[in-house]
>>> print(open('query-v3.csv').read())   # CSV, C-alpha atoms
chain,number,residue,atom,x,y,z
A,1,MET,CA,-4.2,205.1,38.5
A,2,LEU,CA,-3.2,203.4,41.8
A,3,PRO,CA,-3.9,199.7,42.2
A,4,PRO,CA,-7.0,199.0,44.3
A,5,THR,CA,-6.8,197.5,47.8
A,6,CYS,CA,-8.6,194.3,48.5
A,7,PHE,CA,-10.4,194.6,51.9
A,8,ASP,CA,-11.5,191.0,51.8
A,9,PRO,CA,-8.3,189.2,50.8
A,10,PRO,CA,-8.1,185.4,50.3
A,11,CYS,CA,-6.0,185.0,53.5
A,12,ARG,CA,-5.2,187.2,56.5
A,13,ILE,CA,-1.5,188.1,56.4
A,14,THR,CA,-0.8,190.0,59.6
A,15,ARG,CA,2.8,191.4,59.2
A,16,THR,CA,6.3,190.9,57.9
A,17,SER,CA,7.7,188.8,60.7
A,18,HIS,CA,11.2,187.4,60.0
A,19,PHE,CA,14.1,187.0,57.7
A,20,VAL,CA,16.3,184.1,56.8
A,21,MET,CA,19.8,185.2,55.8
A,22,THR,CA,23.1,183.5,55.2
A,23,VAL,CA,26.4,184.6,56.7
A,24,ARG,CA,30.0,183.4,56.6
A,25,ASP,CA,30.9,183.8,60.3
A,26,LEU,CA,28.2,183.2,62.9
A,27,ASP,CA,30.4,184.5,65.8
A,28,ALA,CA,31.0,187.8,64.0
A,29,SER,CA,27.3,188.1,63.2
A,30,ARG,CA,26.3,187.3,66.7
A,31,ALA,CA,28.6,190.0,68.1
A,32,PHE,CA,27.2,192.6,65.6
A,33,TYR,CA,23.5,191.9,66.1
A,34,THR,CA,23.6,191.4,69.9
A,35,GLU,CA,26.1,194.1,70.9
A,36,ILE,CA,25.2,196.8,68.4
A,37,LEU,CA,21.5,196.3,67.6
A,38,GLY,CA,20.7,194.7,70.9
A,39,LEU,CA,19.0,191.6,69.6
A,40,VAL,CA,18.4,188.6,71.9
A,41,VAL,CA,19.7,185.1,71.1
A,42,SER,CA,16.8,182.5,71.2
A,43,ALA,CA,18.9,179.5,70.0
A,44,GLN,CA,22.1,178.7,68.3
A,45,ASP,CA,23.8,175.6,66.9
A,46,SER,CA,26.8,175.0,64.7
A,47,ASP,CA,25.0,176.1,61.6
A,48,ALA,CA,22.4,178.7,62.6
A,49,LEU,CA,21.6,181.5,64.9
A,50,TYR,CA,18.1,182.6,65.9
A,51,LEU,CA,17.5,186.2,67.1
A,52,ARG,CA,14.6,188.3,68.3
A,53,GLY,CA,14.0,191.9,69.5
A,54,VAL,CA,13.6,192.6,73.2
A,55,GLU,CA,9.8,193.0,73.0
A,56,GLU,CA,9.2,190.0,70.7
A,57,ALA,CA,7.6,186.9,72.2
A,58,CYS,CA,7.9,184.8,69.1
A,59,HIS,CA,11.0,182.7,68.8
A,60,HIS,CA,12.8,184.6,66.1
A,61,SER,CA,12.6,187.5,63.7
A,62,LEU,CA,16.1,186.9,62.2
A,63,VAL,CA,17.6,183.6,61.3
A,64,LEU,CA,21.3,183.6,60.3
A,65,ARG,CA,22.6,180.4,58.6
A,66,ARG,CA,26.2,179.6,58.1
A,67,SER,CA,27.3,179.5,54.4
A,68,SER,CA,30.7,179.6,52.7
A,69,GLY,CA,29.3,181.2,49.6
A,70,GLU,CA,27.8,184.6,48.8
A,71,ALA,CA,25.9,186.0,51.8
A,72,ILE,CA,22.2,186.2,50.6
A,73,CYS,CA,18.7,186.5,51.8
A,74,GLN,CA,17.0,183.1,51.6
A,75,ARG,CA,13.4,184.1,52.6
A,76,VAL,CA,11.2,187.0,53.6
A,77,GLY,CA,9.0,185.7,56.4
A,78,MET,CA,5.4,186.7,57.0
A,79,ARG,CA,2.8,185.7,59.5
A,80,VAL,CA,-0.8,184.7,58.8
A,81,MET,CA,-3.6,184.8,61.5
A,82,THR,CA,-4.6,181.1,61.6
A,83,GLU,CA,-3.8,177.7,60.2
A,84,ASP,CA,-6.9,178.1,58.0
A,85,ASP,CA,-5.4,181.2,56.6
A,86,LEU,CA,-2.3,179.2,55.7
A,87,ASP,CA,-4.4,176.8,53.7
A,88,ARG,CA,-6.2,179.6,52.0
A,89,ALA,CA,-2.8,181.2,51.3
A,90,ARG,CA,-1.6,178.0,49.6
A,91,ASP,CA,-4.7,178.0,47.3
A,92,ALA,CA,-4.4,181.8,46.5
A,93,PHE,CA,-0.7,181.7,45.8
A,94,ALA,CA,-1.1,178.6,43.7
A,95,ALA,CA,-3.8,180.3,41.6
A,96,ALA,CA,-1.4,183.2,41.1
A,97,GLY,CA,1.3,180.9,39.8
A,98,CYS,CA,3.6,181.2,42.8
A,99,ALA,CA,4.3,177.4,43.2
A,100,PRO,CA,3.6,177.2,47.0
A,101,LYS,CA,4.8,174.2,48.9
A,102,PHE,CA,4.8,173.2,52.6
A,103,VAL,CA,8.2,172.7,54.3
A,104,ASP,CA,9.5,172.0,57.7
A,105,ALA,CA,11.2,175.0,59.5
A,106,PRO,CA,12.7,174.8,63.0
A,107,TYR,CA,10.7,176.5,65.8
A,108,GLN,CA,7.8,177.2,63.5
A,109,GLY,CA,4.5,175.6,62.7
A,110,ARG,CA,3.6,174.5,59.2
A,111,THR,CA,5.5,176.8,56.8
A,112,LEU,CA,4.6,177.6,53.3
A,113,HIS,CA,7.3,178.5,50.7
A,114,LEU,CA,6.6,180.4,47.5
A,115,ILE,CA,8.0,182.9,45.0
A,116,ASP,CA,6.1,186.1,44.5
A,117,PRO,CA,5.5,187.4,40.9
A,118,VAL,CA,8.6,189.7,41.0
A,119,GLY,CA,10.9,186.9,42.2
A,120,VAL,CA,11.0,187.4,46.0
A,121,PRO,CA,11.2,184.1,48.0
A,122,ILE,CA,8.5,184.2,50.7
A,123,GLU,CA,7.6,182.0,53.6
A,124,LEU,CA,4.4,182.1,55.6
A,125,THR,CA,3.6,180.6,58.9
A,126,ALA,CA,0.8,180.8,61.5
A,127,ARG,CA,2.8,179.8,64.6
A,128,MET,CA,6.2,180.0,66.2
A,129,ASP,CA,7.5,178.8,69.6
A,130,ALA,CA,6.9,181.4,72.3
A,131,MET,CA,9.8,183.0,74.2
A,132,PRO,CA,9.9,185.4,77.2
A,133,ARG,CA,9.7,189.0,76.3
A,134,MET,CA,12.8,190.8,77.5
A,135,ILE,CA,11.4,194.3,77.4
A,136,THR,CA,11.3,194.7,81.2
A,137,LYS,CA,14.7,192.9,81.7
A,138,PHE,CA,16.5,196.2,81.7
A,139,THR,CA,19.8,195.0,82.9
A,140,SER,CA,20.1,192.7,79.8
A,141,HIS,CA,19.4,195.4,77.2
A,142,ARG,CA,22.4,196.1,75.0
A,143,GLY,CA,23.3,198.4,72.1
A,144,GLY,CA,20.4,199.9,70.3
A,145,CYS,CA,17.9,197.9,72.3
A,146,ALA,CA,16.0,196.8,69.1
A,147,GLN,CA,12.4,196.2,70.0
A,148,ARG,CA,10.9,194.3,67.1
A,149,LEU,CA,11.2,193.7,63.4
A,150,ASP,CA,9.1,196.2,61.5
A,151,HIS,CA,9.6,196.1,57.7
A,152,CYS,CA,11.9,195.6,54.7
A,153,GLN,CA,12.7,197.3,51.4
A,154,ILE,CA,13.1,195.4,48.2
A,155,LEU,CA,14.5,196.7,44.9
A,156,THR,CA,12.7,195.6,41.8
A,157,PRO,CA,12.3,196.8,38.2
A,158,SER,CA,8.6,195.8,38.6
A,159,VAL,CA,7.2,198.1,41.3
A,160,ARG,CA,3.7,198.4,39.9
A,161,GLN,CA,3.4,194.6,39.4
A,162,ALA,CA,4.6,194.1,43.0
A,163,ALA,CA,2.1,196.6,44.3
A,164,GLU,CA,-0.8,195.2,42.3
A,165,PHE,CA,-0.1,191.7,43.6
A,166,TRP,CA,0.4,192.4,47.3
A,167,MET,CA,-2.6,194.8,47.4
A,168,LYS,CA,-4.7,191.9,46.0
A,169,MET,CA,-3.5,190.0,49.0
A,170,GLY,CA,-4.8,192.7,51.4
A,171,PHE,CA,-1.8,195.1,51.8
A,172,ARG,CA,-2.7,198.8,51.9
A,173,LEU,CA,-0.8,201.5,50.3
A,174,SER,CA,0.3,204.2,52.8
A,175,GLU,CA,2.8,206.3,50.7
A,176,TYR,CA,4.1,206.1,47.2
A,177,ILE,CA,6.6,207.9,44.9
A,178,ALA,CA,5.3,208.9,41.5
A,179,PRO,CA,5.3,212.0,39.2
A,180,ALA,CA,2.1,213.9,39.0
A,181,ASP,CA,1.6,213.0,35.3
A,182,GLY,CA,1.7,209.5,33.9
A,183,ASP,CA,1.3,206.1,35.4
A,184,ALA,CA,4.9,205.5,36.5
A,185,ILE,CA,5.4,204.5,40.1
A,186,PHE,CA,8.9,204.5,41.5
A,187,GLY,CA,8.2,203.3,45.1
A,188,VAL,CA,5.4,201.9,47.2
A,189,PHE,CA,5.0,201.6,51.0
A,190,LEU,CA,2.7,198.7,51.7
A,191,GLN,CA,1.4,197.7,55.2
A,192,ARG,CA,-0.8,195.1,57.0
A,193,LYS,CA,-0.2,195.9,60.7
A,194,GLY,CA,-1.3,199.5,60.8
A,195,ASN,CA,1.8,201.6,60.5
A,196,PRO,CA,3.3,203.0,57.3
A,197,HIS,CA,4.9,199.8,56.0
A,198,ASP,CA,5.6,196.1,56.2
A,199,ILE,CA,7.2,195.8,52.8
A,200,VAL,CA,8.5,198.5,50.5
A,201,PHE,CA,9.3,198.1,46.8
A,202,PHE,CA,11.6,200.6,45.1
A,203,ASN,CA,12.6,200.9,41.5
A,204,GLY,CA,16.1,199.3,40.9
A,205,GLU,CA,18.0,196.3,39.8
A,206,GLY,CA,16.3,193.3,41.4
A,207,PRO,CA,14.8,191.6,43.0
A,208,ARG,CA,17.3,192.3,45.8
A,209,LEU,CA,16.8,193.0,49.5
A,210,HIS,CA,17.9,196.6,50.2
A,211,HIS,CA,17.4,196.4,54.0
A,212,PHE,CA,15.3,195.1,56.9
A,213,ALA,CA,14.5,197.3,59.8
A,214,TYR,CA,14.0,197.0,63.6
A,215,ALA,CA,12.1,199.6,65.7
A,216,ALA,CA,13.7,201.3,68.7
A,217,ALA,CA,11.9,203.0,71.5
A,218,GLU,CA,13.9,206.2,71.8
A,219,THR,CA,16.2,208.4,69.7
A,220,HIS,CA,19.1,207.8,72.1
A,221,ASN,CA,19.0,204.1,71.2
A,222,LEU,CA,20.0,205.0,67.7
A,223,LEU,CA,22.9,207.1,68.9
A,224,ARG,CA,24.0,204.5,71.5
A,225,ALA,CA,24.1,201.8,68.7
A,226,CYS,CA,26.4,204.1,66.7
A,227,ASP,CA,28.7,204.6,69.8
A,228,ILE,CA,28.8,200.8,70.4
A,229,ALA,CA,29.6,200.2,66.8
A,230,GLY,CA,32.5,202.6,66.9
A,231,GLU,CA,33.9,201.1,70.1
A,232,LEU,CA,33.7,197.5,68.7
A,233,GLY,CA,35.4,198.4,65.4
A,234,PHE,CA,32.2,198.6,63.3
A,235,GLY,CA,32.3,202.4,63.0
A,236,ARG,CA,32.8,202.4,59.2
A,237,ASP,CA,29.8,200.1,58.9
A,238,VAL,CA,27.5,202.9,60.1
A,239,GLU,CA,26.5,203.6,56.5
A,240,ARG,CA,23.8,206.3,56.7
A,241,GLY,CA,22.5,208.6,59.4
A,242,PRO,CA,21.4,209.3,61.9
A,243,GLY,CA,18.8,211.3,60.0
A,244,ARG,CA,15.1,211.6,59.2
A,245,HIS,CA,13.2,210.2,56.3
A,246,GLY,CA,10.7,212.1,54.2
A,247,PRO,CA,8.3,209.2,53.5
A,248,GLY,CA,7.4,207.6,56.8
A,249,HIS,CA,9.0,210.5,58.8
A,250,ALA,CA,11.1,208.1,60.9
A,251,LEU,CA,14.4,208.9,62.5
A,252,PHE,CA,16.9,206.3,61.3
A,253,VAL,CA,20.4,204.9,61.1
A,254,TYR,CA,21.6,202.2,58.7
A,255,PHE,CA,24.3,199.7,59.4
A,256,ARG,CA,26.1,197.1,57.2
A,257,ASP,CA,26.6,193.8,59.1
A,258,PRO,CA,29.9,191.8,58.7
A,259,ASP,CA,28.6,190.2,55.5
A,260,GLY,CA,27.3,193.4,54.0
A,261,HIS,CA,23.6,192.9,54.7
A,262,ARG,CA,22.0,196.3,55.4
A,263,VAL,CA,19.9,196.7,58.6
A,264,GLU,CA,18.0,199.9,59.8
A,265,LEU,CA,17.3,200.9,63.3
A,266,PHE,CA,14.6,203.6,63.5
A,267,ASN,CA,11.7,205.1,65.5
A,268,THR,CA,8.8,207.5,65.3
A,269,HIS,CA,6.3,205.8,63.0
A,270,TYR,CA,2.7,206.9,62.7
A,271,GLN,CA,-0.6,204.9,62.5
A,272,MET,CA,-2.2,204.1,59.2
A,273,LEU,CA,-5.4,202.3,60.2
A,274,ASP,CA,-8.6,204.1,59.2
A,275,LEU,CA,-10.2,203.9,55.7
A,276,GLU,CA,-10.1,207.6,55.2
A,277,ASN,CA,-6.3,207.6,55.5
A,278,ASP,CA,-5.5,208.1,51.8
A,279,PRO,CA,-2.1,207.2,50.5
A,280,VAL,CA,0.4,210.1,50.5
A,281,ARG,CA,2.1,210.8,47.1
A,282,TRP,CA,5.7,212.0,47.0
A,283,ASP,CA,7.0,213.7,43.8
A,284,PRO,CA,10.4,212.1,42.8
A,285,GLY,CA,11.7,215.6,42.2
A,286,ASP,CA,11.1,216.6,45.8
A,287,ALA,CA,14.4,217.0,47.7
A,288,ASN,CA,12.7,216.0,50.9
A,289,ILE,CA,12.1,212.5,49.5
A,290,SER,CA,15.7,211.6,50.4
A,291,LEU,CA,15.8,213.4,53.7
A,292,PRO,CA,14.4,216.7,55.1
A,293,TRP,CA,17.8,217.7,56.5
A,294,GLY,CA,21.5,216.7,56.3
A,295,LEU,CA,23.5,215.2,53.5
A,296,PRO,CA,22.3,212.7,51.0
A,297,ALA,CA,23.4,209.0,51.1
A,298,GLN,CA,26.4,207.6,49.4
A,299,ARG,CA,25.9,206.0,46.0
A,300,LYS,CA,26.3,202.5,47.5
A,301,TRP,CA,23.3,203.0,49.7
A,302,PHE,CA,21.1,203.3,46.6
A,303,GLU,CA,22.8,200.6,44.5
A,304,GLU,CA,24.1,197.9,46.8
A,305,ALA,CA,21.8,195.2,48.2
A,306,SER,CA,21.6,191.5,49.2
A,307,HIS,CA,20.7,189.0,46.5
A,308,PHE,CA,17.8,186.6,47.0
A,309,GLU,CA,18.5,182.9,46.8
A,310,GLY,CA,17.9,181.6,43.3
A,311,ALA,CA,16.6,184.9,41.9
A,312,ALA,CA,18.1,186.3,38.7
A,313,THR,CA,18.2,190.1,38.7
A,314,LYS,CA,17.0,192.5,36.0
A,315,ALA,CA,17.8,196.2,35.5
A,316,PRO,CA,14.8,198.6,35.4
A,317,ALA,CA,13.8,200.1,32.0
A,318,ARG,CA,14.1,203.5,33.7
A,319,PRO,CA,17.2,203.5,36.0
A,320,PRO,CA,16.9,205.6,39.2
A,321,MET,CA,19.0,208.8,39.3
A,322,PRO,CA,19.0,209.8,42.9
A,323,LEU,CA,21.0,212.7,44.3
A,324,THR,CA,23.9,210.9,46.0
A,325,LEU,CA,26.5,212.3,48.3
A,326,GLU,CA,29.1,212.0,45.5
A,327,LYS,CA,26.9,214.1,43.2
A,328,PHE,CA,26.2,216.6,45.9
A,329,LEU,CA,29.9,217.1,46.8
A,330,ALA,CA,30.8,217.4,43.1
A,331,ARG,CA,28.4,220.3,42.7
>>> encode(input="query-v3.csv", output="structure tokens")
Amino acid sequence: MLPPTCFDPPCRITRTSHFVMTVRDLDASRAFYTEILGLVVSAQDSDALYLRGVEEACHHSLVLRRSSGEAICQRVGMRVMTEDDLDRARDAFAAAGCAPKFVDAPYQGRTLHLIDPVGVPIELTARMDAMPRMITKFTSHRGGCAQRLDHCQILTPSVRQAAEFWMKMGFRLSEYIAPADGDAIFGVFLQRKGNPHDIVFFNGEGPRLHHFAYAAAETHNLLRACDIAGELGFGRDVERGPGRHGPGHALFVYFRDPDGHRVELFNTHYQMLDLENDPVRWDPGDANISLPWGLPAQRKWFEEASHFEGAATKAPARPPMPLTLEKFLAR
């Protein structure tokens, strides 16, 4: 049985809005994200870089902080509608045992930090500084011309627990991966903003951040990003694609940044707004779950991911056994 959706949640989360990551070399990261993905620099100092997509009016959707240690994800950021929602979120997450606390964050209003029940560090805010949209500044568009942050995918051995919790917080299930018999759920696509997903949880060792994703306007933006990556010496960091997903149906390409963080550039989402839009089930044995055409991904795409700050990882009771490129070629 699928977890129920709460249509009157305790607070109004509107979307997944930003990520806070650590990197070792800000200059190398700046070159990667601006020249290949096409992100815009909102601010930079000696220790941090703030980036946004060309259509984003909020100050940042990606924060990169300099660190000499392991490159990790410090926070998954989400927006709530109003300041009142932020206070209601504090109360709701406190009641759920998530230890919320208010902190100061540059270029943001009041910011709430918490740890969700599967160990993912989250921050919520209702406001950010506003910046000019660059969507019509065509001469400044670069690389893949990333429009806006869209979603992320998280590996966890507790997919059902994650789904139950976030659906209580108002997220809707758009698609899921589960066998026809039994209660096992191997993957869930959860959304708040009306397209297939804001946050995805997949069975795997975790919690770890598999990837975060930016939307692009056209298919040629994906190809151009690959061409620019090749010219700038990042060609081997084009990890998967271009290709098309089964779940979500998006055209995609995945890159690894200079620190190994995985980022997706994609397009062609659909809307998931109306109440009669039931979740789509995918059978884990369906070959189209990986991709409808082309070759499967390398093993590292399924197994490698960015660690979260302070989060101990745990292996799933039922390890995933995807069809990898290595298995496909061995056959």
>>> closest_atom_pairs(input="query-v3.csv", of="segment 24-104 of chain A", to="segment 225-229 of chain A", cutoff="10 Å", atoms="only C-alpha atoms", output="JSON lines")
{"residue": "A:Phe32", "atom": "CA", "partner": "A:Ala229", "partner_atom": "CA", "distance": 8.1}
{"residue": "A:Glu35", "atom": "CA", "partner": "A:Ile228", "partner_atom": "CA", "distance": 7.2}
{"residue": "A:Ile36", "atom": "CA", "partner": "A:Ala225", "partner_atom": "CA", "distance": 5.1}
{"residue": "A:Leu37", "atom": "CA", "partner": "A:Ala225", "partner_atom": "CA", "distance": 6.2}
{"residue": "A:Gly38", "atom": "CA", "partner": "A:Ala225", "partner_atom": "CA", "distance": 8.2}
>>> write_last_selection(input="query-v3.csv", atoms="C-alpha atoms", output="mmCIF file, in the coordinates of the input")
data_model
loop_
_atom_site.group_PDB
_atom_site.id
_atom_site.type_symbol
_atom_site.label_atom_id
_atom_site.label_comp_id
_atom_site.auth_asym_id
_atom_site.auth_seq_id
_atom_site.Cartn_x
_atom_site.Cartn_y
_atom_site.Cartn_z
ATOM 1 C CA PHE A 32 27.200 192.600 65.600
ATOM 2 C CA GLU A 35 26.100 194.100 70.900
ATOM 3 C CA ILE A 36 25.200 196.800 68.400
ATOM 4 C CA LEU A 37 21.500 196.300 67.600
ATOM 5 C CA GLY A 38 20.700 194.700 70.900
#
>>> closest_atom_pairs(input="query-v3.csv", of="segment 15-117 of chain A", to="segment 162-180 of chain A", cutoff="10 Å", atoms="only C-alpha atoms", output="tab-separated table")
residue	atom	partner	partner_atom	distance
A:Arg15	CA	A:Phe171	CA	9.5
A:Ala89	CA	A:Met169	CA	9.1
A:Ala92	CA	A:Met169	CA	8.6
A:Phe93	CA	A:Met169	CA	9.3
A:Ala96	CA	A:Phe165	CA	9.0
A:Asp116	CA	A:Ala162	CA	8.3
A:Pro117	CA	A:Ala162	CA	7.1
>>> closest_residue(input="query-v3.csv", among="A:Asn288, A:Ser158, A:Ser140, A:Thr16", to="Tyr214 of chain A", atoms="all atoms listed in the file")
A:Thr16
>>> residues_around(input="query-v3.csv", residues="Thr313 of chain A", least_positions_apart="2", cutoff="7 Å", atoms="all atoms listed in the file", output="list in words")
Glu205, Gly206, Pro207, Ala311 and Ala315 of chain A
>>> closest_residue(input="query-v3.csv", among="A:Ser17, A:Gln44, A:Asn203, A:Gln147", to="Val76 of chain A", atoms="all atoms listed in the file")
A:Ser17
>>> residues_around(input="query-v3.csv", residues="Leu49 of chain A", least_positions_apart="3", cutoff="12 Å", atoms="all atoms listed in the file", output="VMD selection string")
chain A and resid 19 to 31 33 to 34 39 to 46 52 59 to 66 106
>>> atom_distance(input="query-v3.csv", atom1="atom CA of Arg127 of chain A", atom2="atom CA of Pro100 of chain A")
17.8 Å
>>> residues_around(input="query-v3.csv", residues="Arg240 of chain A", least_positions_apart="3", cutoff="12 Å", atoms="all atoms listed in the file", output="count of residues only")
32
>>> atom_distance(input="query-v3.csv", atom1="atom CA of Val103 of chain A", atom2="atom CA of Pro10 of chain A")
21.0 Å
>>> atom_distance(input="query-v3.csv", atom1="atom CA of Met272 of chain A", atom2="atom CA of Thr125 of chain A")
24.2 Å
>>> closest_residue(input="query-v3.csv", among="A:Gln74, A:Thr82, A:Thr14, A:Gln161", to="Asp198 of chain A", atoms="only C-alpha atoms")
A:Thr14
>>> residues_near_point(input="query-v3.csv", point="(12.9, 199.1, 45.6)", cutoff="10 Å", atoms="only C-alpha atoms", output="JSON, numbers by chain")
{"A": [152, 153, 154, 155, 156, 157, 158, 159, 186, 187, 188, 189, 199, 200, 201, 202, 203, 204, 205, 206, 207, 208, 209, 210, 211, 302, 320]}
>>> closest_residue(input="query-v3.csv", among="A:Gly260, A:Gly77, A:Cys98, A:Gly248", to="Trp282 of chain A", atoms="all atoms listed in the file")
A:Gly248
>>> closest_residue(input="query-v3.csv", among="A:Arg79, A:Arg192, A:Arg160, A:Arg318", to="Pro4 of chain A", atoms="only C-alpha atoms")
A:Arg160
>>> closest_residue(input="query-v3.csv", among="A:Lys327, A:Asp8, A:His269, A:Cys58", to="Glu218 of chain A", atoms="all atoms listed in the file")
A:His269
>>> residues_near_point(input="query-v3.csv", point="(2.9, 178.4, 52.9)", cutoff="7 Å", atoms="all atoms listed in the file", output="PDB file with C-alpha atoms, keeping the file's coordinate frame")
ATOM      1  CA  LEU A  86      -2.300 179.200  55.700  1.00  0.00           C
ATOM      2  CA  ALA A  89      -2.800 181.200  51.300  1.00  0.00           C
ATOM      3  CA  ARG A  90      -1.600 178.000  49.600  1.00  0.00           C
ATOM      4  CA  PRO A 100       3.600 177.200  47.000  1.00  0.00           C
ATOM      5  CA  LYS A 101       4.800 174.200  48.900  1.00  0.00           C
ATOM      6  CA  PHE A 102       4.800 173.200  52.600  1.00  0.00           C
ATOM      7  CA  THR A 111       5.500 176.800  56.800  1.00  0.00           C
ATOM      8  CA  LEU A 112       4.600 177.600  53.300  1.00  0.00           C
ATOM      9  CA  HIS A 113       7.300 178.500  50.700  1.00  0.00           C
ATOM     10  CA  LEU A 114       6.600 180.400  47.500  1.00  0.00           C
ATOM     11  CA  GLU A 123       7.600 182.000  53.600  1.00  0.00           C
ATOM     12  CA  LEU A 124       4.400 182.100  55.600  1.00  0.00           C
ATOM     13  CA  THR A 125       3.600 180.600  58.900  1.00  0.00           C
TER      14      THR A 125
END
>>> residues_around(input="query-v3.csv", residues="Met81 of chain A", least_positions_apart="4", cutoff="8 Å", atoms="only C-alpha atoms", output="ChimeraX atom specification")
/A:12-14,85,126
>>> build_atoms(input="query-v3.csv", residues="segment 6-19 of chain A", atoms="N, CA and C atoms", output="compact mmCIF listing (two decimals), keeping the file's coordinate frame")
# COMPACT_ATOMS: atom_id res chain seq x y z
N CYS A 6 -7.62 195.31 48.23
CA CYS A 6 -8.60 194.30 48.50
C CYS A 6 -8.87 194.23 50.00
N PHE A 7 -10.06 194.62 50.43
CA PHE A 7 -10.40 194.60 51.90
C PHE A 7 -10.95 193.29 52.34
N ASP A 8 -11.10 192.36 51.43
CA ASP A 8 -11.50 191.00 51.80
C ASP A 8 -10.58 190.02 51.09
N PRO A 9 -9.31 189.99 51.54
CA PRO A 9 -8.30 189.20 50.80
C PRO A 9 -8.52 187.70 51.02
N PRO A 10 -7.88 186.89 50.20
CA PRO A 10 -8.10 185.40 50.30
C PRO A 10 -7.50 184.83 51.57
N CYS A 11 -6.53 185.50 52.19
CA CYS A 11 -6.00 185.00 53.50
C CYS A 11 -5.57 186.26 54.27
N ARG A 12 -5.49 186.10 55.59
CA ARG A 12 -5.20 187.20 56.50
C ARG A 12 -3.68 187.20 56.83
N ILE A 13 -2.88 187.89 56.03
CA ILE A 13 -1.50 188.10 56.40
C ILE A 13 -1.47 189.23 57.44
N THR A 14 -0.74 189.04 58.53
CA THR A 14 -0.80 190.00 59.60
C THR A 14 0.42 190.97 59.62
N ARG A 15 1.59 190.50 59.14
CA ARG A 15 2.80 191.40 59.20
C ARG A 15 3.95 190.68 58.53
N THR A 16 4.97 191.47 58.22
CA THR A 16 6.30 190.90 57.90
C THR A 16 6.92 190.55 59.24
N SER A 17 7.37 189.30 59.37
CA SER A 17 7.70 188.80 60.70
C SER A 17 9.13 188.33 60.89
N HIS A 18 9.82 187.89 59.83
CA HIS A 18 11.20 187.40 60.00
C HIS A 18 11.91 187.28 58.71
N PHE A 19 13.24 187.15 58.83
CA PHE A 19 14.10 187.00 57.70
C PHE A 19 15.05 185.86 57.87
